[in-house]
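For reference, the structure discussed in these notes is given below.
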Amino acid sequence: MIDDMRALCARENLEEAALHIEDGKSGGRRDRDEFQAWLNDARTGACDVLVNPVTDRLTREGLNVAAMILDVVEGKDPATGKLTHMPVRLVDCNGLDSLHGDAFRFRFVIQAEVGRAERERIRQRSRDRARRLRHAGRWGGGTPPFGYKAVPNPELNEDREPKGWVLAVEPAEAKHIRDAAESLLQTEPDPLNKVVRRLNHAGVKPRRAKEWSRQTLAKVLTGDHIMRPWPTWPHTRTRPPSRASGVSRPAVTNWPPLSLTGGQRWFRPARPWRSTGRTPWWMTAGNYSHRHSKS
């Protein structure tokens, strides 16, 4: 791509002023550093021509960002439409040129929308694939939830190869989950902060955080991969099939009865809660609330 752009500059007798390279950044985001620096070169007068390899790769947001780029090319303020800097020329390696007037504008907008539509199709295919794998009991990829690991599927295809990946219990992590659950659900439960400190002291690392916190532990203990089987909604109405994962996962721990009421999850402690002057952790951690039970 760089060679193509430099060849285009040579044909147009253009001198290279700056080179901005985006490595692995998605066009679905407009706050890309190199993209913004490329536009700022035009705003500040550092260049007279903006060159890119393929226009529909400039953005995957369609008209929204296309309008922003056109404002830069035409030297306009996006808020008032007044001229704030000298207009610049925009060209790409496929023959798009802002000097072509209305033909350029039509083609530029269409290519921007084509890029947006292509991105949406890719995202939809990815979601459909993940849903099919879940219903087939397979792991679709990504970071496995805490307490599990991805292993080759024991089920083989016609070529005697594993059919993708499935989740299996990670014994060391599962032990920490069971210990944390038992500490919180025993007759005299440990404070949540104490359980969090114990995990951090043991050197156990959560999946997406630097260390354990109340929120991180609550998400792990109440995630759908731990809360098996699926709970029921009020009035004995089961969770709609469209929201169920359909995955049969090995159990990490067994949990007490759980129900959903008013969009909240309610724990049934081993005995009624008695006030000690402090708010119970399940009333302060996210959406958890306590419901008194009868001994």
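Quick note on naming: the chains in the structure tokens go A, B, ... in the order shown, residues restart at 1 in each chain, and ligands are numbered from 1 in order of appearance.
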With stretch 105-121 of chain A as the partner and 12 Å as the cut-off, tabulate the residues of stretch 24-43 of chain A that qualify, each row holding the nearest pair of atoms and their distance in Å to one decimal, using only C-alpha atoms, sorted by chain and rising number, as a Markdown table.
| residue | atom | partner | partner_atom | distance |
| --- | --- | --- | --- | --- |
| A:Ser26 | CA | A:Arg119 | CA | 9.9 |
| A:Gly27 | CA | A:Gly115 | CA | 8.8 |
| A:Gly28 | CA | A:Arg119 | CA | 7.8 |
| A:Arg29 | CA | A:Arg116 | CA | 11.3 |
Taking all heavy atoms for each residue, export the selection above as a PDB file, in the first residue's frame.
ATOM      1  N   SER A  26      -8.990  -0.574  13.728  1.00  0.00           N
ATOM      2  CA  SER A  26     -10.240  -0.740  12.984  1.00  0.00           C
ATOM      3  C   SER A  26     -10.760   0.599  12.487  1.00  0.00           C
ATOM      4  O   SER A  26     -10.718   1.610  13.202  1.00  0.00           O
ATOM      5  CB  SER A  26     -11.293  -1.402  13.876  1.00  0.00           C
ATOM      6  OG  SER A  26     -12.565  -1.371  13.264  1.00  0.00           O
ATOM      7  N   GLY A  27     -11.265   0.599  11.248  1.00  0.00           N
ATOM      8  CA  GLY A  27     -11.893   1.791  10.711  1.00  0.00           C
ATOM      9  C   GLY A  27     -13.221   2.103  11.358  1.00  0.00           C
ATOM     10  O   GLY A  27     -13.823   3.138  11.065  1.00  0.00           O
ATOM     11  N   GLY A  28     -13.706   1.231  12.239  1.00  0.00           N
ATOM     12  CA  GLY A  28     -14.949   1.490  12.947  1.00  0.00           C
ATOM     13  C   GLY A  28     -14.800   2.522  14.050  1.00  0.00           C
ATOM     14  O   GLY A  28     -15.785   2.890  14.680  1.00  0.00           O
ATOM     15  N   ARG A  29     -13.576   2.976  14.304  1.00  0.00           N
ATOM     16  CA  ARG A  29     -13.328   3.995  15.318  1.00  0.00           C
ATOM     17  C   ARG A  29     -12.747   5.239  14.650  1.00  0.00           C
ATOM     18  O   ARG A  29     -11.819   5.134  13.846  1.00  0.00           O
ATOM     19  CB  ARG A  29     -12.355   3.488  16.393  1.00  0.00           C
ATOM     20  CG  ARG A  29     -12.879   2.299  17.179  1.00  0.00           C
ATOM     21  CD  ARG A  29     -11.857   1.854  18.186  1.00  0.00           C
ATOM     22  NE  ARG A  29     -11.538   2.919  19.132  1.00  0.00           N
ATOM     23  CZ  ARG A  29     -12.150   3.094  20.299  1.00  0.00           C
ATOM     24  NH1 ARG A  29     -13.125   2.280  20.650  1.00  0.00           N
ATOM     25  NH2 ARG A  29     -11.810   4.073  21.109  1.00  0.00           N
TER      26      ARG A  29
END
field: Residues near A:Gly141, cut-off 9 Å, only C-alpha atoms, skip fewer than 2 positions along chain, as a list in words
entry: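 Listing them by chain and then by number gives Ala130, Trp139, Thr143, Pro144, Ala150 and Trp165 of chain A.
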field: For atom CA of A:Val195 and atom CA of A:Ser213, the interatomic separation in Å (one decimal)
entry: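 Rounded to one decimal, the two atoms are 9.5 Å apart.
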task: Find the distance between atom CA of A:Trp38 and atom CA of A:Glu15 and write it in Å to one decimal.
output: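 The value is 15.4 Å.
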task: Find the residue from A:Val196, A:Leu8, A:Ala174, A:Ala209 that sits nearest to A:His225; use only C-alpha atoms when measuring.
output: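 Of the candidates, the smallest distance to A:His225 is held by A:Ala174.
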Which of stretch 139-230 of chain A fall in strand (DSSP E or B), as a PyMOL selection string: chain A and resi 139+148-152+156+162+165-169
task: Enter the distance from atom CA of A:Thr55 to atom CA of A:Gly24, in Å, rounded to one decimal.
output: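 So the two atoms, atom CA of A:Thr55 and atom CA of A:Gly24, lie 16.7 Å apart.
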query: For A:Gly164, which residue out of A:Ala18, A:Leu185, A:Val54, A:Leu133 is the nearest one, using only C-alpha atoms?
result: A:Leu133
message: With only C-alpha atoms as the counted atoms, please give the residues lying no more than 9 Å from A:Ser98, apart from itself and same-chain residues fewer than 5 positions off, as JSON, numbers by chain.
response: {"A": [73, 88, 89, 90, 91, 103, 104, 105, 108]}
